[in-house]
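K.L.:
Pasting a structure here, questions to come.
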Amino acid sequence: MRGNRNAAPVANDKNGTQIKFKDSEYYPKKQTRLLFLSGGKYLAKEINDRVGFNDARKVISTLRREGMRIKDIRLDDGRKLYWLEQDNQPTLFGKEAFNG
């Protein structure tokens with residue numbers, strides 16, 4: 001036999017690593033994490049639109065369980081605005097190191 005003809009196609013990047021497709025379970029979580037790490041504030045609908053799925057609140061809940069400090073506030077119209085709480089821990093190379 002020459003393999004399963006009904007199996008989803010597999011693609012590899014230039015290093016031979018398997019590429020995760022948009023329909024995989026991991027993709028929405030990864031993209032949502034990247035949105036929050038970029039420093040923005042988003043409504044669940046905005047996350048859904050940007051990432052291309054329809055369950056942002058579930059992914060936010062999962063990311064919170066995994067340790068991301070995602071904060072929210074309920075707006076007057078009932079929607080929630082989500083953002084990542086910035087870490088105030090000092091870093092090894094603080095801003096002072098680059099100011100000369």
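Simple scheme: letters A, B, ... for chains in structure tokens order, numbers from 1 for residues in each chain, numbers from 1 for ligands in the order shown.
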Could you pull the residues within 9 Å of stretch 36-42 of chain A, counting only C-alpha atoms, minus those fewer than 4 positions along the same chain, as JSON, numbers by chain?
P.N.:
{"A": [31, 32, 46, 47, 70, 80, 81, 82, 83, 84, 85, 86]}
K.L.:
To one decimal in Å, tell me the separation between atom CA of A:Lys29 and atom CA of A:Asp72.
P.N.:
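Between these atoms lies a distance of 17.7 Å.
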K.L.:
I'd like the neighbourhood of A:Asn48 as an MDAnalysis selection string, where a residue qualifies if any of its atoms comes within 12 Å (using only C-alpha atoms), though same-chain residues fewer than 2 positions away should be ignored.
P.N.:
chainID A and resid 28:29 31:32 35 42:46 50:60
K.L.:
Take atom CA of A:Tyr26 and atom CA of A:Arg79 and report the distance between them in Å, one decimal.
P.N.:
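One can read the atom CA of A:Tyr26 to atom CA of A:Arg79 distance as 25.7 Å.
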K.L.:
Could you tell me how far atom CA of A:Asp49 sits from atom CA of A:Arg65, in Å to one decimal place?
P.N.:
23.1 Å
